[in-house]
Amino acid sequence: MLSAFWSSVGGRLADRWAAISAPALLFWLTGLAAWSYHRGGLHTLTVQTRWLDRQTGATQIAAIVTVLLAVAASALVVERLTTPVLRLLEGYWPRWTGPLRRRLASWLSDRAAADAPAWQAAHTLVTNTATPTVDQLAMYARLERRRRRRPSAPGYFLPTPIGNILRAAERRPIDKYGLDTVLLWPRLWPALPETTRADLLAARAALNNAVAATLWGILLCAFTPFTPLVIPVGLGLALTTVTAVIPGRAQVFGDLIEAAYDQHRTILYEQTRWPLPTNPHDERERGQALTAYLWRGSDNTTPTFTVAP
């Protein structure tokens with residue numbers, strides 16, 4: 001039984017190492033290729049391989065383990081940096097960047113305001129026309145998709161598209177249900193069904209992997225002294241992930257957070273014995289009251305708690 005246990009643990013560790021270290025291994029192999037190119041070609045590696053062949057088995061194993069540990073360590077460092085880097089990509093910058101941050105946020109807000117009349121016209125045309133054309137539907141879908149990637153009010157805009165995608169997702173449960181998404185998330189998360197949490201974790205992991213790819217692309221530029229060819233490769237990878245991959249994955253993650261509130265928000269009412277809303281207007285008001293209660297508490301005599309099941 002113990003041998004089976006350790007075999008299972010070893011398999012899981014190997015899977016975990018492969019998951020986090022594959023990009024790091026590719027990064028270091030690219031660096032090795034750049035170094036070899038600088039030295040004259042891959043044949044220059046024969047000096048190192050011959051040295052390793054002359055060593056004892058223990059020395060060879062130690063060398064290989066050292067390389068694997070170095071690769072894993074670099075992978076862990078990049079993994080730890082994904083969250084702060086994502087915050088920067090969202091637009092949460094240092095205080096001294098305030099003027100630039102406000103100017104960019106205002107520019108993006110103005111672009112959204114300029115699209116509003118076109119969206120309203122397309123919405124009216126599609127909803128009031130019995131058989132809208134393909135072009136009309138395509139125009140409406142494009143404007144609606146763009147609208148969902150932006151916050152509902154100018155004051156909530158961030159200076160980057162990625163930040164606005166996630167901010168818009170955070171604001172929608174507030175606008176619809178009066179529930180503060182960020183404040184109530186630690187209360188809702190433990191009560192979510194396992195499948196919902198698994199989907200959210202997978203979407204967040206995919207988003208983090210895209211951010212990590214951006215970091216690896218930037219880090220590739222460190223091999224520039226060996227060959228300048230790594231600059232277009234590294235910057236191209238970083239630019240592609242920032243402009244094409246991360247926004248899409250941020251949208252998926254944000255949509256899943258919104259869906260969690262759409263489907264499971266009543267858990268917050270039931271577990272706090274707060275009376276359930278009876279209609280959409282009542283729900284927004286009760287959601288705001290529930291948010292305030294969970295955040296600061298209350299000594300009011302209303303509402304009356306429901307009877308625990």
# chains A, B, ... in the order shown; residues from 1 in each chain; ligands from 1
>>> residues_around(residues="stretch 198-204 of chain A", least_positions_apart="6", cutoff="7 Å", atoms="only C-alpha atoms", output="NGL selection string")
:A and (252-253 or 256)
>>> residues_around(residues="A:Gln263", least_positions_apart="4", cutoff="12 Å", atoms="only C-alpha atoms", output="VMD selection string")
chain A and resid 173 177 188 192 to 193 196 256 to 259 267 to 268
>>> closest_atom_pairs(of="stretch 170-265 of chain A", to="stretch 24-30 of chain A", cutoff="9 Å", atoms="only C-alpha atoms", output="JSON lines")
{"residue": "A:Trp216", "atom": "CA", "partner": "A:Phe27", "partner_atom": "CA", "distance": 6.9}
{"residue": "A:Gly217", "atom": "CA", "partner": "A:Phe27", "partner_atom": "CA", "distance": 8.6}
{"residue": "A:Leu219", "atom": "CA", "partner": "A:Phe27", "partner_atom": "CA", "distance": 8.6}
{"residue": "A:Leu220", "atom": "CA", "partner": "A:Phe27", "partner_atom": "CA", "distance": 7.1}
{"residue": "A:Phe223", "atom": "CA", "partner": "A:Thr30", "partner_atom": "CA", "distance": 8.8}
{"residue": "A:Val230", "atom": "CA", "partner": "A:Thr30", "partner_atom": "CA", "distance": 8.6}
>>> write_last_selection(atoms="all heavy atoms", output="compact mmCIF listing (two decimals), in the first residue's frame")
# COMPACT_ATOMS: atom_id res chain seq x y z
N TRP A 216 7.54 35.35 -19.89
CA TRP A 216 8.61 34.59 -20.55
C TRP A 216 9.06 35.30 -21.81
O TRP A 216 10.26 35.31 -22.14
CB TRP A 216 8.13 33.18 -20.87
CG TRP A 216 7.98 32.28 -19.69
CD1 TRP A 216 6.85 31.63 -19.28
CD2 TRP A 216 9.01 31.90 -18.76
NE1 TRP A 216 7.10 30.90 -18.15
CE2 TRP A 216 8.41 31.04 -17.81
CE3 TRP A 216 10.35 32.21 -18.63
CZ2 TRP A 216 9.11 30.47 -16.75
CZ3 TRP A 216 11.06 31.65 -17.56
CH2 TRP A 216 10.45 30.80 -16.65
N GLY A 217 8.11 35.88 -22.55
CA GLY A 217 8.48 36.60 -23.76
C GLY A 217 9.39 37.79 -23.47
O GLY A 217 10.38 38.02 -24.18
N LEU A 219 11.28 38.14 -20.79
CA LEU A 219 12.55 37.62 -20.26
C LEU A 219 13.46 37.09 -21.36
O LEU A 219 14.69 37.05 -21.19
CB LEU A 219 12.28 36.53 -19.23
CG LEU A 219 11.68 37.00 -17.91
CD1 LEU A 219 11.30 35.80 -17.04
CD2 LEU A 219 12.64 37.93 -17.17
N LEU A 220 12.88 36.66 -22.48
CA LEU A 220 13.71 36.19 -23.58
C LEU A 220 14.69 37.27 -24.06
O LEU A 220 15.77 36.95 -24.57
CB LEU A 220 12.83 35.75 -24.76
CG LEU A 220 12.29 34.32 -24.75
CD1 LEU A 220 11.40 34.09 -25.95
CD2 LEU A 220 13.44 33.31 -24.74
N PHE A 223 18.53 37.36 -23.41
CA PHE A 223 19.54 36.65 -24.22
C PHE A 223 20.02 37.47 -25.41
O PHE A 223 20.71 36.95 -26.28
CB PHE A 223 18.97 35.32 -24.71
CG PHE A 223 18.57 34.38 -23.60
CD1 PHE A 223 17.28 33.87 -23.54
CD2 PHE A 223 19.47 34.02 -22.62
CE1 PHE A 223 16.91 33.00 -22.52
CE2 PHE A 223 19.12 33.16 -21.60
CZ PHE A 223 17.83 32.65 -21.54
N VAL A 230 16.42 37.19 -30.57
CA VAL A 230 15.45 36.89 -29.51
C VAL A 230 14.53 38.07 -29.23
O VAL A 230 13.46 37.89 -28.64
CB VAL A 230 16.18 36.48 -28.22
CG1 VAL A 230 16.96 35.19 -28.41
CG2 VAL A 230 17.11 37.60 -27.73
>>> residues_around(residues="stretch 182-184 of chain A", least_positions_apart="6", cutoff="10 Å", atoms="only C-alpha atoms", output="list in words")
Glu170, Arg171, Pro173, Ile174, Tyr261, Arg265, Leu268, Leu290, Thr291, Ala292, Leu294 and Trp295 of chain A
>>> atom_distance(atom1="atom CA of A:Asn300", atom2="atom CA of A:Asn279")
22.7 Å
>>> select_by_dssp(residues="stretch 207-256 of chain A", states="alpha helix (DSSP H)", output="VMD selection string")
chain A and resid 207 to 220 230 to 240 246 to 256
>>> write_last_selection(atoms="N, CA and C atoms", output="short mmCIF file (atom, residue, chain, number, x, y, z; two decimals), in the first residue's frame")
data_model
loop_
_atom_site.label_atom_id
_atom_site.label_comp_id
_atom_site.auth_asym_id
_atom_site.auth_seq_id
_atom_site.Cartn_x
_atom_site.Cartn_y
_atom_site.Cartn_z
N LEU A 207 -5.89 32.07 -17.57
CA LEU A 207 -5.53 33.49 -17.58
C LEU A 207 -4.12 33.68 -17.03
N ASN A 208 -3.78 33.00 -15.94
CA ASN A 208 -2.43 33.11 -15.37
C ASN A 208 -1.37 32.58 -16.33
N ASN A 209 -1.69 31.51 -17.04
CA ASN A 209 -0.73 30.96 -18.01
C ASN A 209 -0.44 31.96 -19.13
N ALA A 210 -1.47 32.68 -19.55
CA ALA A 210 -1.26 33.69 -20.60
C ALA A 210 -0.39 34.82 -20.08
N VAL A 211 -0.60 35.23 -18.83
CA VAL A 211 0.25 36.27 -18.23
C VAL A 211 1.68 35.77 -18.11
N ALA A 212 1.84 34.51 -17.71
CA ALA A 212 3.18 33.93 -17.60
C ALA A 212 3.87 33.90 -18.95
N ALA A 213 3.12 33.60 -20.02
CA ALA A 213 3.71 33.61 -21.36
C ALA A 213 4.22 35.00 -21.72
N THR A 214 3.50 36.03 -21.29
CA THR A 214 3.97 37.41 -21.50
C THR A 214 5.30 37.64 -20.80
N LEU A 215 5.38 37.17 -19.55
CA LEU A 215 6.63 37.32 -18.80
C LEU A 215 7.78 36.59 -19.46
N TRP A 216 7.54 35.35 -19.89
CA TRP A 216 8.61 34.59 -20.55
C TRP A 216 9.06 35.30 -21.81
N GLY A 217 8.11 35.88 -22.55
CA GLY A 217 8.48 36.60 -23.76
C GLY A 217 9.39 37.79 -23.47
N ILE A 218 9.06 38.54 -22.42
CA ILE A 218 9.91 39.68 -22.05
C ILE A 218 11.27 39.21 -21.57
N LEU A 219 11.28 38.14 -20.79
CA LEU A 219 12.55 37.62 -20.26
C LEU A 219 13.46 37.09 -21.36
N LEU A 220 12.88 36.66 -22.48
CA LEU A 220 13.71 36.19 -23.58
C LEU A 220 14.69 37.27 -24.06
N VAL A 230 16.42 37.19 -30.57
CA VAL A 230 15.45 36.89 -29.51
C VAL A 230 14.53 38.07 -29.23
N ILE A 231 14.92 39.27 -29.66
CA ILE A 231 14.08 40.46 -29.38
C ILE A 231 12.74 40.36 -30.11
N PRO A 232 12.72 40.18 -31.44
CA PRO A 232 11.41 40.07 -32.09
C PRO A 232 10.61 38.85 -31.62
N VAL A 233 11.31 37.77 -31.30
CA VAL A 233 10.59 36.57 -30.82
C VAL A 233 9.95 36.86 -29.46
N GLY A 234 10.73 37.38 -28.54
CA GLY A 234 10.22 37.63 -27.19
C GLY A 234 9.15 38.71 -27.16
N LEU A 235 9.42 39.84 -27.80
CA LEU A 235 8.44 40.92 -27.80
C LEU A 235 7.20 40.55 -28.60
N GLY A 236 7.37 39.77 -29.67
CA GLY A 236 6.22 39.32 -30.44
C GLY A 236 5.32 38.42 -29.61
N LEU A 237 5.93 37.52 -28.83
CA LEU A 237 5.15 36.65 -27.95
C LEU A 237 4.42 37.47 -26.90
N ALA A 238 5.11 38.42 -26.28
CA ALA A 238 4.48 39.23 -25.24
C ALA A 238 3.35 40.08 -25.81
N LEU A 239 3.58 40.68 -26.98
CA LEU A 239 2.55 41.53 -27.59
C LEU A 239 1.32 40.71 -27.99
N THR A 240 1.55 39.53 -28.51
CA THR A 240 0.42 38.68 -28.93
C THR A 240 -0.43 38.27 -27.75
N ILE A 246 -4.79 37.29 -23.60
CA ILE A 246 -5.23 37.65 -22.25
C ILE A 246 -6.63 38.26 -22.24
N PRO A 247 -6.97 39.20 -23.16
CA PRO A 247 -8.34 39.73 -23.12
C PRO A 247 -9.42 38.67 -23.26
N GLY A 248 -9.21 37.71 -24.17
CA GLY A 248 -10.19 36.65 -24.34
C GLY A 248 -10.34 35.80 -23.10
N ARG A 249 -9.22 35.45 -22.47
CA ARG A 249 -9.29 34.63 -21.27
C ARG A 249 -9.84 35.41 -20.08
N ALA A 250 -9.55 36.71 -20.04
CA ALA A 250 -10.13 37.54 -18.99
C ALA A 250 -11.65 37.62 -19.16
N GLN A 251 -12.11 37.67 -20.40
CA GLN A 251 -13.56 37.69 -20.65
C GLN A 251 -14.22 36.41 -20.17
N VAL A 252 -13.60 35.28 -20.45
CA VAL A 252 -14.16 33.99 -20.01
C VAL A 252 -14.21 33.93 -18.48
N PHE A 253 -13.13 34.34 -17.83
CA PHE A 253 -13.09 34.32 -16.37
C PHE A 253 -14.14 35.26 -15.78
N GLY A 254 -14.26 36.45 -16.35
CA GLY A 254 -15.26 37.40 -15.86
C GLY A 254 -16.68 36.90 -16.07
N ASP A 255 -16.94 36.27 -17.22
CA ASP A 255 -18.27 35.73 -17.47
C ASP A 255 -18.62 34.63 -16.47
N LEU A 256 -17.64 33.81 -16.09
CA LEU A 256 -17.90 32.75 -15.13
C LEU A 256 -18.18 33.31 -13.73
#
>>> residues_around(residues="stretch 108-123 of chain A", least_positions_apart="2", cutoff="6 Å", atoms="only C-alpha atoms", output="PyMOL selection string")
chain A and resi 105-106+125-126+140+143+154
>>> atom_distance(atom1="atom CA of A:Trp35", atom2="atom CA of A:Phe226")
5.5 Å
>>> atom_distance(atom1="atom CA of A:Leu81", atom2="atom CA of A:Thr243")
19.3 Å
>>> residues_around(residues="A:Ala289", least_positions_apart="4", cutoff="12 Å", atoms="only C-alpha atoms", output="PDB file with N, CA, C and O atoms, in the first residue's frame")
ATOM      1  N   ILE A 174     -23.355  43.911  -9.282  1.00  0.00           N
ATOM      2  CA  ILE A 174     -23.772  45.086  -8.507  1.00  0.00           C
ATOM      3  C   ILE A 174     -24.917  45.789  -9.211  1.00  0.00           C
ATOM      4  O   ILE A 174     -25.918  46.158  -8.591  1.00  0.00           O
ATOM      5  N   TYR A 177     -28.017  43.031  -9.199  1.00  0.00           N
ATOM      6  CA  TYR A 177     -28.543  42.463  -7.962  1.00  0.00           C
ATOM      7  C   TYR A 177     -28.198  43.268  -6.715  1.00  0.00           C
ATOM      8  O   TYR A 177     -28.614  42.902  -5.613  1.00  0.00           O
ATOM      9  N   GLY A 178     -27.410  44.332  -6.851  1.00  0.00           N
ATOM     10  CA  GLY A 178     -27.004  45.107  -5.688  1.00  0.00           C
ATOM     11  C   GLY A 178     -25.967  44.425  -4.835  1.00  0.00           C
ATOM     12  O   GLY A 178     -25.699  44.857  -3.713  1.00  0.00           O
ATOM     13  N   LEU A 179     -25.364  43.341  -5.344  1.00  0.00           N
ATOM     14  CA  LEU A 179     -24.374  42.571  -4.582  1.00  0.00           C
ATOM     15  C   LEU A 179     -22.970  42.977  -4.993  1.00  0.00           C
ATOM     16  O   LEU A 179     -22.619  42.898  -6.178  1.00  0.00           O
ATOM     17  N   ASP A 180     -22.178  43.419  -4.038  1.00  0.00           N
ATOM     18  CA  ASP A 180     -20.802  43.814  -4.320  1.00  0.00           C
ATOM     19  C   ASP A 180     -19.974  42.561  -4.609  1.00  0.00           C
ATOM     20  O   ASP A 180     -19.712  41.742  -3.723  1.00  0.00           O
ATOM     21  N   TYR A 269     -28.170  34.779   0.672  1.00  0.00           N
ATOM     22  CA  TYR A 269     -29.365  35.081   1.459  1.00  0.00           C
ATOM     23  C   TYR A 269     -29.702  33.930   2.410  1.00  0.00           C
ATOM     24  O   TYR A 269     -30.016  34.154   3.578  1.00  0.00           O
ATOM     25  N   TRP A 274     -31.192  35.874   5.433  1.00  0.00           N
ATOM     26  CA  TRP A 274     -31.732  37.156   4.953  1.00  0.00           C
ATOM     27  C   TRP A 274     -32.941  36.860   4.063  1.00  0.00           C
ATOM     28  O   TRP A 274     -32.902  35.947   3.247  1.00  0.00           O
ATOM     29  N   PRO A 275     -34.031  37.616   4.188  1.00  0.00           N
ATOM     30  CA  PRO A 275     -35.213  37.335   3.365  1.00  0.00           C
ATOM     31  C   PRO A 275     -34.893  37.417   1.872  1.00  0.00           C
ATOM     32  O   PRO A 275     -34.222  38.353   1.419  1.00  0.00           O
ATOM     33  N   LEU A 276     -35.385  36.457   1.122  1.00  0.00           N
ATOM     34  CA  LEU A 276     -35.149  36.435  -0.320  1.00  0.00           C
ATOM     35  C   LEU A 276     -35.931  37.545  -1.000  1.00  0.00           C
ATOM     36  O   LEU A 276     -37.052  37.872  -0.588  1.00  0.00           O
ATOM     37  N   PRO A 277     -35.374  38.144  -2.048  1.00  0.00           N
ATOM     38  CA  PRO A 277     -36.115  39.167  -2.801  1.00  0.00           C
ATOM     39  C   PRO A 277     -37.337  38.568  -3.483  1.00  0.00           C
ATOM     40  O   PRO A 277     -37.390  37.377  -3.779  1.00  0.00           O
ATOM     41  N   ASP A 282     -36.896  44.887  -5.928  1.00  0.00           N
ATOM     42  CA  ASP A 282     -36.670  44.536  -4.527  1.00  0.00           C
ATOM     43  C   ASP A 282     -35.320  43.863  -4.345  1.00  0.00           C
ATOM     44  O   ASP A 282     -34.633  44.070  -3.340  1.00  0.00           O
ATOM     45  N   GLU A 283     -34.910  43.067  -5.327  1.00  0.00           N
ATOM     46  CA  GLU A 283     -33.642  42.353  -5.204  1.00  0.00           C
ATOM     47  C   GLU A 283     -32.464  43.314  -5.165  1.00  0.00           C
ATOM     48  O   GLU A 283     -31.518  43.123  -4.390  1.00  0.00           O
ATOM     49  N   ARG A 284     -32.502  44.334  -5.986  1.00  0.00           N
ATOM     50  CA  ARG A 284     -31.379  45.274  -5.992  1.00  0.00           C
ATOM     51  C   ARG A 284     -31.259  45.968  -4.638  1.00  0.00           C
ATOM     52  O   ARG A 284     -30.159  46.133  -4.102  1.00  0.00           O
ATOM     53  N   GLU A 285     -32.393  46.382  -4.080  1.00  0.00           N
ATOM     54  CA  GLU A 285     -32.353  47.063  -2.784  1.00  0.00           C
ATOM     55  C   GLU A 285     -31.901  46.112  -1.673  1.00  0.00           C
ATOM     56  O   GLU A 285     -31.100  46.476  -0.825  1.00  0.00           O
ATOM     57  N   TYR A 293     -24.692  44.843   5.330  1.00  0.00           N
ATOM     58  CA  TYR A 293     -24.757  44.067   6.570  1.00  0.00           C
ATOM     59  C   TYR A 293     -23.534  43.162   6.727  1.00  0.00           C
ATOM     60  O   TYR A 293     -22.932  43.088   7.811  1.00  0.00           O
ATOM     61  N   LEU A 294     -23.153  42.483   5.652  1.00  0.00           N
ATOM     62  CA  LEU A 294     -22.009  41.578   5.729  1.00  0.00           C
ATOM     63  C   LEU A 294     -20.693  42.344   5.835  1.00  0.00           C
ATOM     64  O   LEU A 294     -19.702  41.806   6.334  1.00  0.00           O
ATOM     65  N   TRP A 295     -20.673  43.566   5.376  1.00  0.00           N
ATOM     66  CA  TRP A 295     -19.446  44.353   5.426  1.00  0.00           C
ATOM     67  C   TRP A 295     -19.259  45.031   6.788  1.00  0.00           C
ATOM     68  O   TRP A 295     -18.174  44.989   7.367  1.00  0.00           O
ATOM     69  N   ARG A 296     -20.325  45.606   7.321  1.00  0.00           N
ATOM     70  CA  ARG A 296     -20.183  46.392   8.542  1.00  0.00           C
ATOM     71  C   ARG A 296     -21.087  45.941   9.689  1.00  0.00           C
ATOM     72  O   ARG A 296     -20.952  46.434  10.806  1.00  0.00           O
ATOM     73  N   GLY A 297     -22.011  45.013   9.420  1.00  0.00           N
ATOM     74  CA  GLY A 297     -22.962  44.633  10.453  1.00  0.00           C
ATOM     75  C   GLY A 297     -24.079  45.664  10.564  1.00  0.00           C
ATOM     76  O   GLY A 297     -24.109  46.668   9.833  1.00  0.00           O
ATOM     77  N   SER A 298     -25.009  45.454  11.476  1.00  0.00           N
ATOM     78  CA  SER A 298     -26.141  46.367  11.626  1.00  0.00           C
ATOM     79  C   SER A 298     -26.807  46.132  12.967  1.00  0.00           C
ATOM     80  O   SER A 298     -26.787  45.022  13.513  1.00  0.00           O
ATOM     81  N   ASN A 300     -30.049  47.393  13.155  1.00  0.00           N
ATOM     82  CA  ASN A 300     -31.436  47.662  12.792  1.00  0.00           C
ATOM     83  C   ASN A 300     -32.343  46.501  13.198  1.00  0.00           C
ATOM     84  O   ASN A 300     -31.904  45.351  13.331  1.00  0.00           O
ATOM     85  N   THR A 302     -34.849  45.597  11.297  1.00  0.00           N
ATOM     86  CA  THR A 302     -35.353  45.028  10.042  1.00  0.00           C
ATOM     87  C   THR A 302     -34.176  44.761   9.120  1.00  0.00           C
ATOM     88  O   THR A 302     -33.145  45.441   9.206  1.00  0.00           O
ATOM     89  N   PRO A 303     -34.297  43.778   8.241  1.00  0.00           N
ATOM     90  CA  PRO A 303     -35.436  42.863   8.114  1.00  0.00           C
ATOM     91  C   PRO A 303     -35.381  41.760   9.166  1.00  0.00           C
ATOM     92  O   PRO A 303     -34.373  41.586   9.854  1.00  0.00           O
TER      93      PRO A 303
END
>>> closest_residue(among="A:Pro132, A:Ser21, A:Ala191, A:Asp262", to="A:Leu69", atoms="only C-alpha atoms")
A:Ser21
>>> closest_residue(among="A:Leu158, A:Ala206, A:Cys221, A:Ile165", to="A:Trp93", atoms="only C-alpha atoms")
A:Leu158
>>> decode(residues="stretch 213-223 of chain A", atoms="all heavy atoms", output="CSV table (one decimal), in the first residue's frame")
chain,number,residue,atom,x,y,z
A,213,ALA,N,3.1,33.6,-20.0
A,213,ALA,CA,3.7,33.6,-21.4
A,213,ALA,C,4.2,35.0,-21.7
A,213,ALA,O,5.3,35.1,-22.4
A,213,ALA,CB,2.7,33.1,-22.4
A,214,THR,N,3.5,36.0,-21.3
A,214,THR,CA,4.0,37.4,-21.5
A,214,THR,C,5.3,37.6,-20.8
A,214,THR,O,6.2,38.2,-21.4
A,214,THR,CB,2.9,38.4,-21.0
A,214,THR,OG1,1.7,38.2,-21.6
A,214,THR,CG2,3.4,39.8,-21.2
A,215,LEU,N,5.4,37.2,-19.6
A,215,LEU,CA,6.6,37.3,-18.8
A,215,LEU,C,7.8,36.6,-19.5
A,215,LEU,O,8.9,37.1,-19.6
A,215,LEU,CB,6.4,36.8,-17.4
A,215,LEU,CG,5.9,37.8,-16.4
A,215,LEU,CD1,5.5,37.0,-15.1
A,215,LEU,CD2,6.9,38.9,-16.1
A,216,TRP,N,7.5,35.3,-19.9
A,216,TRP,CA,8.6,34.6,-20.5
A,216,TRP,C,9.1,35.3,-21.8
A,216,TRP,O,10.3,35.3,-22.1
A,216,TRP,CB,8.1,33.2,-20.9
A,216,TRP,CG,8.0,32.3,-19.7
A,216,TRP,CD1,6.8,31.6,-19.3
A,216,TRP,CD2,9.0,31.9,-18.8
A,216,TRP,NE1,7.1,30.9,-18.1
A,216,TRP,CE2,8.4,31.0,-17.8
A,216,TRP,CE3,10.4,32.2,-18.6
A,216,TRP,CZ2,9.1,30.5,-16.7
A,216,TRP,CZ3,11.1,31.7,-17.6
A,216,TRP,CH2,10.5,30.8,-16.6
A,217,GLY,N,8.1,35.9,-22.5
A,217,GLY,CA,8.5,36.6,-23.8
A,217,GLY,C,9.4,37.8,-23.5
A,217,GLY,O,10.4,38.0,-24.2
A,218,ILE,N,9.1,38.5,-22.4
A,218,ILE,CA,9.9,39.7,-22.1
A,218,ILE,C,11.3,39.2,-21.6
A,218,ILE,O,12.3,39.8,-21.9
A,218,ILE,CB,9.2,40.5,-21.0
A,218,ILE,CG1,7.9,41.1,-21.6
A,218,ILE,CG2,10.1,41.6,-20.4
A,218,ILE,CD1,7.1,41.8,-20.5
A,219,LEU,N,11.3,38.1,-20.8
A,219,LEU,CA,12.5,37.6,-20.3
A,219,LEU,C,13.5,37.1,-21.4
A,219,LEU,O,14.7,37.1,-21.2
A,219,LEU,CB,12.3,36.5,-19.2
A,219,LEU,CG,11.7,37.0,-17.9
A,219,LEU,CD1,11.3,35.8,-17.0
A,219,LEU,CD2,12.6,37.9,-17.2
A,220,LEU,N,12.9,36.7,-22.5
A,220,LEU,CA,13.7,36.2,-23.6
A,220,LEU,C,14.7,37.3,-24.1
A,220,LEU,O,15.8,36.9,-24.6
A,220,LEU,CB,12.8,35.8,-24.8
A,220,LEU,CG,12.3,34.3,-24.7
A,220,LEU,CD1,11.4,34.1,-26.0
A,220,LEU,CD2,13.4,33.3,-24.7
A,221,CYS,N,14.3,38.5,-23.9
A,221,CYS,CA,15.2,39.6,-24.3
A,221,CYS,C,16.5,39.6,-23.5
A,221,CYS,O,17.4,40.3,-23.9
A,221,CYS,CB,14.5,40.9,-24.2
A,221,CYS,SG,13.0,41.1,-25.3
A,222,ALA,N,16.5,38.9,-22.4
A,222,ALA,CA,17.8,38.9,-21.6
A,222,ALA,C,18.9,38.2,-22.4
A,222,ALA,O,20.1,38.3,-22.1
A,222,ALA,CB,17.5,38.2,-20.3
A,223,PHE,N,18.5,37.4,-23.4
A,223,PHE,CA,19.5,36.7,-24.2
A,223,PHE,C,20.0,37.5,-25.4
A,223,PHE,O,20.7,36.9,-26.3
A,223,PHE,CB,19.0,35.3,-24.7
A,223,PHE,CG,18.6,34.4,-23.6
A,223,PHE,CD1,17.3,33.9,-23.5
A,223,PHE,CD2,19.5,34.0,-22.6
A,223,PHE,CE1,16.9,33.0,-22.5
A,223,PHE,CE2,19.1,33.2,-21.6
A,223,PHE,CZ,17.8,32.6,-21.5
